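Okay, work_34.cif now, which holds mmCIF, C-alpha atoms:
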```cif
data_coords
#
loop_
_atom_site.label_atom_id
_atom_site.label_comp_id
_atom_site.auth_asym_id
_atom_site.auth_seq_id
_atom_site.Cartn_x
_atom_site.Cartn_y
_atom_site.Cartn_z
CA MET A 1 20.51 -29.33 -18.96
CA LYS A 2 17.26 -27.34 -18.89
CA ILE A 3 15.32 -30.45 -17.92
CA LYS A 4 17.74 -31.14 -15.10
CA CYS A 5 17.35 -27.59 -13.76
CA LEU A 6 13.58 -27.96 -13.93
CA LEU A 7 13.79 -31.19 -11.97
CA ILE A 8 15.88 -29.56 -9.26
CA PHE A 9 13.41 -26.67 -9.05
CA ILE A 10 10.45 -29.05 -8.66
CA LEU A 11 12.21 -31.03 -5.93
CA PHE A 12 13.07 -27.77 -4.14
CA LEU A 13 9.43 -26.65 -4.12
CA TYR A 14 8.28 -30.03 -2.88
CA SER A 15 10.79 -30.40 -0.05
CA GLY A 16 12.24 -27.01 0.82
CA GLY A 17 9.01 -25.05 0.51
CA ASN A 18 7.67 -26.75 3.62
CA CYS A 19 10.07 -24.72 5.75
CA ILE A 20 8.20 -21.56 4.84
CA CYS A 21 4.94 -22.94 6.21
CA GLN A 22 6.38 -23.57 9.68
CA GLU A 23 6.77 -19.90 10.53
CA ASN A 24 3.22 -19.33 11.77
CA PRO A 25 3.49 -17.51 15.14
CA GLY A 26 0.78 -19.62 16.83
CA ASN A 27 -2.59 -18.71 18.31
CA LEU A 28 -1.33 -17.86 21.82
CA TYR A 29 1.20 -15.38 20.41
CA LEU A 30 -1.56 -13.64 18.44
CA ILE A 31 -3.87 -13.64 21.48
CA ASP A 32 -1.17 -12.03 23.64
CA LYS A 33 -0.60 -9.42 20.96
CA LEU A 34 -4.29 -8.49 20.85
CA ILE A 35 -4.64 -8.37 24.64
CA GLU A 36 -1.64 -6.07 24.96
CA GLU A 37 -3.02 -3.76 22.27
CA SER A 38 -6.45 -3.72 23.92
CA PHE A 39 -5.04 -2.48 27.23
CA LEU A 40 -4.12 0.91 25.76
CA SER A 41 -7.62 2.33 26.32
CA LEU A 42 -7.71 1.24 29.96
CA GLU A 43 -4.15 2.37 30.61
CA ASN A 44 -4.91 5.89 29.36
CA LYS A 45 -7.85 6.17 31.76
CA MET A 46 -5.92 4.81 34.73
CA THR A 47 -3.06 7.21 33.98
CA SER A 48 -5.48 10.15 34.06
CA LEU A 49 -6.84 8.94 37.42
CA GLY A 50 -3.32 8.48 38.82
CA ASN A 51 -0.99 5.53 39.32
CA ASP A 52 -0.70 6.45 43.00
CA ARG A 53 -4.38 5.50 43.54
CA PHE A 54 -5.72 2.15 44.69
CA TYR A 55 -7.74 0.07 42.23
CA GLU A 56 -9.99 -2.91 42.90
CA ILE A 57 -9.99 -5.28 39.92
CA GLU A 58 -13.04 -7.53 39.63
CA ILE A 59 -13.00 -10.42 37.14
CA ASN A 60 -14.84 -13.73 37.21
CA GLN A 61 -12.47 -16.70 37.26
CA ASP A 62 -14.88 -19.40 36.13
CA LYS A 63 -13.24 -19.86 32.73
CA GLN A 64 -9.65 -20.50 31.70
CA GLU A 65 -9.54 -17.39 29.52
CA GLU A 66 -10.69 -15.21 32.43
CA ILE A 67 -7.86 -16.48 34.63
CA TYR A 68 -5.37 -15.92 31.82
CA PHE A 69 -6.74 -12.42 31.20
CA LEU A 70 -6.32 -11.55 34.90
CA ASP A 71 -2.69 -12.70 34.77
CA LYS A 72 -2.13 -10.37 31.80
CA ILE A 73 -3.58 -7.46 33.77
CA LYS A 74 -1.19 -8.16 36.65
CA GLN A 75 1.76 -8.15 34.22
CA ARG A 76 0.76 -5.02 32.31
CA PHE A 77 -0.26 -2.91 35.32
CA ASN A 78 2.35 -4.02 37.84
CA GLY A 79 3.26 -0.36 38.41
CA TYR A 80 -0.24 0.35 39.80
CA LYS A 81 -1.67 -0.42 43.23
CA LEU A 82 -4.14 -3.21 42.50
CA PHE A 83 -6.44 -5.27 44.70
CA LEU A 84 -7.41 -8.38 42.72
CA ASN A 85 -10.95 -9.60 43.43
CA GLU A 86 -10.83 -8.14 46.94
CA LYS A 87 -12.64 -5.17 48.49
CA PHE A 88 -10.87 -2.62 50.67
CA ASP A 89 -12.15 0.57 52.28
CA THR A 90 -8.97 2.33 51.18
CA SER A 91 -9.64 1.71 47.47
CA ASP A 92 -10.18 4.76 45.29
CA TYR A 93 -11.66 3.05 42.22
CA ARG A 94 -13.20 -0.23 41.20
CA ILE A 95 -12.70 -1.68 37.69
CA THR A 96 -15.09 -4.48 36.72
CA PHE A 97 -14.50 -6.67 33.65
CA ASN A 98 -17.29 -8.64 31.98
CA ASN A 99 -17.98 -10.77 28.89
CA ILE A 100 -14.36 -11.73 28.28
CA ILE A 101 -14.15 -13.65 24.98
CA ILE A 102 -10.94 -15.11 23.57
CA LYS A 103 -11.24 -17.53 20.67
CA PRO A 104 -9.94 -18.51 17.23
CA LEU A 105 -12.26 -19.01 14.26
CA TYR A 106 -11.09 -21.17 11.35
CA SER A 107 -12.27 -20.95 7.75
CA ASN A 108 -11.47 -22.55 4.41
CA ILE A 109 -9.26 -20.68 1.96
CA LYS A 110 -9.60 -21.42 -1.76
CA GLY A 111 -5.90 -21.90 -2.35
CA SER A 112 -2.61 -23.40 -1.27
CA ASP A 113 1.04 -22.52 -0.96
CA LEU A 114 3.70 -23.37 -3.56
CA THR A 115 4.04 -26.93 -2.30
CA GLY A 116 0.30 -27.65 -2.51
CA ASN A 117 -0.32 -27.53 1.24
CA LYS A 118 -3.95 -26.56 1.92
CA LEU A 119 -4.25 -23.27 3.78
CA THR A 120 -6.71 -22.66 6.59
CA GLY A 121 -7.74 -19.12 7.45
CA ILE A 122 -7.81 -18.02 11.08
CA GLU A 123 -9.32 -15.02 12.82
CA ILE A 124 -8.35 -14.48 16.47
CA GLN A 125 -10.90 -12.54 18.51
CA VAL A 126 -10.39 -10.80 21.86
CA SER A 127 -13.24 -8.79 23.35
CA TYR A 128 -14.45 -7.64 26.78
CA GLU A 129 -16.21 -4.82 28.62
CA TYR A 130 -15.03 -2.81 31.59
CA VAL A 131 -16.48 -0.16 33.92
CA ILE A 132 -14.54 2.18 36.21
CA VAL A 133 -16.43 3.41 39.29
CA ARG A 134 -15.34 5.86 41.99
CA LYS A 135 -15.56 3.95 45.27
CA GLU A 136 -16.44 6.96 47.39
CA ASN A 137 -19.81 7.74 45.81
CA LYS A 138 -20.31 4.89 43.27
CA GLU A 139 -19.99 7.39 40.41
CA ARG A 140 -19.55 5.70 37.03
CA LEU A 141 -16.53 7.39 35.46
CA TYR A 142 -15.69 5.34 32.38
CA SER A 143 -17.04 2.37 30.47
CA ASP A 144 -15.93 0.78 27.23
CA ARG A 145 -16.35 -2.31 25.07
CA ILE A 146 -13.12 -3.52 23.52
CA SER A 147 -13.04 -5.73 20.43
CA LYS A 148 -9.83 -6.73 18.66
CA LYS A 149 -9.29 -9.09 15.72
CA ILE A 150 -6.36 -10.32 13.70
CA LYS A 151 -6.29 -12.62 10.65
CA ASP A 152 -3.69 -15.13 9.48
CA SER A 153 -3.43 -18.45 7.65
CA PHE A 154 -1.60 -21.74 8.19
CA ASP A 155 -1.17 -25.24 6.81
CA SER A 156 -4.01 -27.26 8.34
CA GLU A 157 -1.68 -30.24 8.76
CA ARG A 158 0.24 -28.21 11.36
CA ILE A 159 -2.73 -27.50 13.62
CA ASN A 160 -0.92 -28.92 16.66
CA GLN A 161 1.86 -26.36 16.21
CA VAL A 162 -0.61 -23.48 15.94
CA GLU A 163 -2.75 -24.32 18.98
CA ASP A 164 -1.42 -24.53 22.55
CA SER A 165 -2.37 -27.74 24.35
CA ARG A 166 -2.28 -25.94 27.73
CA TYR A 167 -5.11 -23.55 26.90
CA ASN A 168 -8.50 -24.51 25.49
CA PHE A 169 -9.18 -20.96 24.32
CA THR A 170 -6.40 -21.29 21.72
CA LYS A 171 -8.26 -24.17 20.05
CA GLY A 172 -11.00 -24.14 17.43
CA ASN A 173 -12.82 -26.43 15.03
CA LEU A 174 -11.32 -26.92 11.60
CA PRO A 175 -13.90 -26.50 8.80
CA GLU A 176 -14.94 -29.52 6.78
CA GLU A 177 -13.27 -29.69 3.37
CA GLU A 178 -15.44 -29.80 0.29
CA GLY A 179 -15.30 -32.97 -1.79
CA LEU A 180 -13.12 -31.59 -4.60
CA GLU A 181 -10.66 -29.82 -2.27
CA LYS A 182 -10.28 -32.94 -0.16
CA TYR A 183 -8.69 -34.90 -3.00
CA LEU A 184 -7.38 -32.27 -5.41
CA PHE A 185 -4.29 -31.04 -3.56
CA PRO A 186 -3.00 -34.50 -2.49
CA SER A 187 -3.37 -35.67 -6.10
CA ILE A 188 -1.31 -32.70 -7.30
CA ILE A 189 1.51 -33.64 -4.92
CA VAL A 190 1.42 -37.26 -6.09
CA ALA A 191 1.45 -36.17 -9.75
CA VAL A 192 4.39 -33.79 -9.24
CA SER A 193 6.34 -36.42 -7.34
CA ALA A 194 5.69 -39.05 -10.01
CA ALA A 195 6.74 -36.65 -12.78
CA ALA A 196 9.94 -35.78 -10.92
CA ILE A 197 10.85 -39.46 -10.46
CA ILE A 198 10.18 -40.26 -14.13
CA MET A 199 12.28 -37.30 -15.28
CA PHE A 200 15.07 -38.31 -12.90
CA PHE A 201 15.38 -41.86 -14.26
CA SER A 202 14.92 -40.60 -17.83
CA ILE A 203 17.91 -38.27 -17.44
CA ARG A 204 20.03 -41.02 -15.88
CA SER A 205 19.24 -43.48 -18.69
CA ASN A 206 20.32 -40.91 -21.28
#
```

Take the structure in this file and express it as structure tokens.
Amino acid sequence: MKIKCLLIFILFLYSGGNCICQENPGNLYLIDKLIEESFLSLENKMTSLGNDRFYEIEINQDKQEEIYFLDKIKQRFNGYKLFLNEKFDTSDYRITFNNIIIKPLYSNIKGSDLTGNKLTGIEIQVSYEYVIVRKENKERLYSDRISKKIKDSFDSERINQVEDSRYNFTKGNLPEEEGLEKYLFPSIIVAVSAAAIIMFFSIRSN
């Protein structure tokens, strides 16, 4: 009876444990989370200047992440009077964004989950600079450099579920596996499966 329970437990880890690995939120979700958190500094400054004022927002749109970042500004600050990449004499302030970086960095982790799936570490980075200038006299009021990071891990076999095919800035380069790691974890799965099958037929024959 004990052997049978052990067999069931092994089969549960091998098959059911995979469900746990599918709960990674994805790179775009983590990027959105960091961008929203990063806006707190800017929002505090704009609140002190007044949401009844007119703001010119200047952002380059040469890269996909810059366009995405601009869309996030429009969503977060929709209660403010914004001119996006346009100049108006009636503007009170100009906010210029530079050096917008959004990217994931992958790294090897010396370990695996209960089912033997190899884990890949990920660090999402969001950083940028902004300057707020008074339009009337070009006075520089505020400037800041924002840098946000968040770490997570995922099963490298599920890379397509973690990255978003629509956005290049959600994609990174998986690290090369070392020789031992490349073959160790698959061999463990094969060994566990073989042991489970042998035990299964051994119990049935008895």

message = Could you tell me, as a list in words, exactly which residues end up selected when the PyMOL selection byres ((chain A and resi 129) around 7) is applied to this structure?
response =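 When the PyMOL selection byres ((chain A and resi 129) around 7) is applied, the selected residues are Phe97, Asn98, Asn99, Tyr128, Tyr130, Asp144, Arg145 and Ile146 of chain A.
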
inquiry  = Please compute the atom CA of A:Asp71-atom CA of A:Asn51 distance, one decimal, in Å.
reply    =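 Taking atom CA of A:Asp71 as the start and atom CA of A:Asn51 as the end point, the length is 18.9 Å.
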
task = Have a look at atom CA of A:Pro175 and atom CA of A:Tyr106 and let me know their distance in Å, one decimal.
result =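 Separating atom CA of A:Pro175 from atom CA of A:Tyr106 is a distance of 6.5 Å.
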
key: 12 Å contact set for A:Gly79, only C-alpha atoms, chain neighbours under 5 positions out, as a list in words   =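 The residues satisfying every condition are Glu43, Met46, Thr47, Gly50, Asn51, Asp52, Arg53, Phe54, Tyr55, Ile73 and Lys74 of chain A.
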
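Note that atom CA of A:Tyr80 and atom CA of A:Asn27 are 28.8 Å apart.
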
request  = Identify, on the basis of only C-alpha atoms, every residue whose closest approach to stretch 38-41 of chain A does not exceed 8 Å; exclude the query and any residue fewer than 2 positions from it along the same chain; express the result as a list in words.
outcome  = Leu34, Ile35, Glu36, Glu43, Asn44, Lys45, Ile146, Ser147 and Lys148 of chain A

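If only C-alpha atoms are the atoms counted, then among A:Arg94, A:Arg158, A:Arg166, A:Arg134 the closest residue to A:Thr120 is A:Arg158.
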
ask   = Of the candidates A:Val126, A:Leu49, A:Leu70, A:Leu141, which one gets nearest to A:Phe169 if we count all atoms listed in the file?
value = A:Val126

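For the set A:Glu65, A:Asn173, A:Lys118, A:Ser143, the residue with the smallest atom-to-atom gap to A:Val131 is A:Ser143, counting all atoms listed in the file.
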
message = With distances taken over only C-alpha atoms, which residue among A:Asn117, A:Gln75, A:Ser48, A:Ser91 lies nearest A:Asp32?
response =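 Nearest candidate to A:Asp32 out of A:Asn117, A:Gln75, A:Ser48, A:Ser91: A:Gln75.
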
query = Which one of A:Leu30, A:Ile95, A:Ile100, A:Asn24 sits closest to A:Asp62 if you count all atoms listed in the file?
reply =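 Using all atoms listed in the file, the shortest distance to A:Asp62 belongs to A:Ile100.
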
key: Exercise: A:Tyr167 partners within 9 Å, all atoms listed in the file, chain neighbours under 2 positions left out, as a list in words   =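 So, after excluding close chain neighbours, the residues are Leu28, Gln64, Glu65, Glu163, Asp164, Ser165, Phe169, Thr170 and Lys171 of chain A.
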
query = Which residues match the PyMOL selection byres ((chain A and resi 135) around 10) in the file above, as a ChimeraX atom specification?
reply = /A:55-56,88-95,132-134,136-140

message = Can you spell out as a count of residues only the set of residues that the PyMOL selection byres ((chain A and resi 105) around 8) selects in the structure I just provided?
response = 10

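Among the candidates A:Asp152, A:Glu86, A:Glu176, A:Glu157, the one nearest to A:Ile59 when counting all atoms listed in the file is A:Glu86.
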
Could you get me a file of stretch 40-53 of chain A with all heavy atoms, as an mmCIF file, in the first residue's frame, taken from the block above?
```cif
data_model
loop_
_atom_site.group_PDB
_atom_site.id
_atom_site.type_symbol
_atom_site.label_atom_id
_atom_site.label_comp_id
_atom_site.auth_asym_id
_atom_site.auth_seq_id
_atom_site.Cartn_x
_atom_site.Cartn_y
_atom_site.Cartn_z
ATOM 1 N N LEU A 40 4.512 57.852 -10.172
ATOM 2 C CA LEU A 40 4.153 58.520 -8.917
ATOM 3 C C LEU A 40 4.954 59.808 -8.723
ATOM 4 O O LEU A 40 4.395 60.845 -8.320
ATOM 5 C CB LEU A 40 4.382 57.574 -7.740
ATOM 6 C CG LEU A 40 4.014 58.131 -6.360
ATOM 7 C CD1 LEU A 40 2.548 58.526 -6.314
ATOM 8 C CD2 LEU A 40 4.332 57.119 -5.267
ATOM 9 N N SER A 41 6.251 59.762 -9.008
ATOM 10 C CA SER A 41 7.092 60.951 -8.866
ATOM 11 C C SER A 41 6.597 62.092 -9.742
ATOM 12 O O SER A 41 6.459 63.234 -9.285
ATOM 13 C CB SER A 41 8.542 60.603 -9.226
ATOM 14 O OG SER A 41 9.335 61.756 -9.347
ATOM 15 N N LEU A 42 6.346 61.797 -11.009
ATOM 16 C CA LEU A 42 5.872 62.822 -11.938
ATOM 17 C C LEU A 42 4.494 63.346 -11.541
ATOM 18 O O LEU A 42 4.232 64.556 -11.604
ATOM 19 C CB LEU A 42 5.831 62.246 -13.354
ATOM 20 C CG LEU A 42 5.262 63.156 -14.439
ATOM 21 C CD1 LEU A 42 6.090 64.419 -14.576
ATOM 22 C CD2 LEU A 42 5.190 62.417 -15.771
ATOM 23 N N GLU A 43 3.632 62.444 -11.130
ATOM 24 C CA GLU A 43 2.272 62.844 -10.762
ATOM 25 C C GLU A 43 2.278 63.807 -9.571
ATOM 26 O O GLU A 43 1.504 64.777 -9.535
ATOM 27 C CB GLU A 43 1.429 61.610 -10.441
ATOM 28 C CG GLU A 43 -0.042 61.908 -10.248
ATOM 29 C CD GLU A 43 -0.869 60.644 -10.166
ATOM 30 O OE1 GLU A 43 -0.358 59.625 -9.666
ATOM 31 O OE2 GLU A 43 -2.035 60.669 -10.615
ATOM 32 N N ASN A 44 3.138 63.562 -8.604
ATOM 33 C CA ASN A 44 3.234 64.462 -7.452
ATOM 34 C C ASN A 44 3.641 65.870 -7.881
ATOM 35 O O ASN A 44 3.103 66.876 -7.377
ATOM 36 C CB ASN A 44 4.234 63.921 -6.445
ATOM 37 C CG ASN A 44 3.719 62.702 -5.703
ATOM 38 O OD1 ASN A 44 2.513 62.492 -5.600
ATOM 39 N ND2 ASN A 44 4.621 61.891 -5.187
ATOM 40 N N LYS A 45 4.570 65.967 -8.804
ATOM 41 C CA LYS A 45 5.036 67.275 -9.274
ATOM 42 C C LYS A 45 3.960 67.987 -10.091
ATOM 43 O O LYS A 45 3.753 69.209 -9.959
ATOM 44 C CB LYS A 45 6.322 67.108 -10.084
ATOM 45 C CG LYS A 45 7.499 66.623 -9.240
ATOM 46 C CD LYS A 45 8.714 66.366 -10.085
ATOM 47 C CE LYS A 45 9.922 65.995 -9.228
ATOM 48 N NZ LYS A 45 9.724 64.745 -8.469
ATOM 49 N N MET A 46 3.263 67.246 -10.941
ATOM 50 C CA MET A 46 2.207 67.855 -11.747
ATOM 51 C C MET A 46 1.029 68.298 -10.875
ATOM 52 O O MET A 46 0.378 69.307 -11.158
ATOM 53 C CB MET A 46 1.746 66.871 -12.829
ATOM 54 C CG MET A 46 2.794 66.599 -13.891
ATOM 55 S SD MET A 46 2.293 65.357 -15.121
ATOM 56 C CE MET A 46 0.958 66.235 -15.954
ATOM 57 N N THR A 47 0.771 67.543 -9.816
ATOM 58 C CA THR A 47 -0.294 67.931 -8.884
ATOM 59 C C THR A 47 0.054 69.247 -8.195
ATOM 60 O O THR A 47 -0.804 70.127 -8.014
ATOM 61 C CB THR A 47 -0.517 66.833 -7.828
ATOM 62 O OG1 THR A 47 -0.921 65.632 -8.477
ATOM 63 C CG2 THR A 47 -1.590 67.259 -6.829
ATOM 64 N N SER A 48 1.319 69.406 -7.811
ATOM 65 C CA SER A 48 1.737 70.646 -7.155
ATOM 66 C C SER A 48 1.670 71.839 -8.105
ATOM 67 O O SER A 48 1.422 72.974 -7.687
ATOM 68 C CB SER A 48 3.159 70.496 -6.603
ATOM 69 O OG SER A 48 4.097 70.383 -7.651
ATOM 70 N N LEU A 49 1.882 71.588 -9.415
ATOM 71 C CA LEU A 49 1.804 72.667 -10.405
ATOM 72 C C LEU A 49 0.357 72.982 -10.783
ATOM 73 O O LEU A 49 0.057 74.107 -11.206
ATOM 74 C CB LEU A 49 2.598 72.284 -11.652
ATOM 75 C CG LEU A 49 4.109 72.134 -11.468
ATOM 76 C CD1 LEU A 49 4.760 71.596 -12.739
ATOM 77 C CD2 LEU A 49 4.750 73.457 -11.070
ATOM 78 N N GLY A 50 -0.525 71.980 -10.642
ATOM 79 C CA GLY A 50 -1.946 72.207 -10.903
ATOM 80 C C GLY A 50 -2.457 71.421 -12.092
ATOM 81 O O GLY A 50 -1.855 71.472 -13.169
ATOM 82 N N ASN A 51 -3.550 70.687 -11.894
ATOM 83 C CA ASN A 51 -4.119 69.910 -13.008
ATOM 84 C C ASN A 51 -4.989 70.758 -13.929
ATOM 85 O O ASN A 51 -5.552 70.253 -14.891
ATOM 86 C CB ASN A 51 -4.906 68.706 -12.490
ATOM 87 C CG ASN A 51 -6.092 69.110 -11.628
ATOM 88 O OD1 ASN A 51 -6.337 70.290 -11.390
ATOM 89 N ND2 ASN A 51 -6.821 68.117 -11.135
ATOM 90 N N ASP A 52 -5.099 72.068 -13.615
ATOM 91 C CA ASP A 52 -5.824 72.971 -14.492
ATOM 92 C C ASP A 52 -4.878 73.678 -15.465
ATOM 93 O O ASP A 52 -5.313 74.488 -16.283
ATOM 94 C CB ASP A 52 -6.586 74.012 -13.667
ATOM 95 C CG ASP A 52 -5.678 74.838 -12.764
ATOM 96 O OD1 ASP A 52 -4.594 74.334 -12.410
ATOM 97 O OD2 ASP A 52 -6.055 75.968 -12.411
ATOM 98 N N ARG A 53 -3.570 73.351 -15.393
ATOM 99 C CA ARG A 53 -2.572 73.943 -16.277
ATOM 100 C C ARG A 53 -2.443 73.117 -17.555
ATOM 101 O O ARG A 53 -2.883 71.975 -17.631
ATOM 102 C CB ARG A 53 -1.215 74.027 -15.562
ATOM 103 C CG ARG A 53 -1.252 74.841 -14.276
ATOM 104 C CD ARG A 53 -1.566 76.290 -14.544
ATOM 105 N NE ARG A 53 -1.544 77.088 -13.314
ATOM 106 C CZ ARG A 53 -1.708 78.407 -13.293
ATOM 107 N NH1 ARG A 53 -1.907 79.068 -14.409
ATOM 108 N NH2 ARG A 53 -1.679 79.057 -12.135
#
```
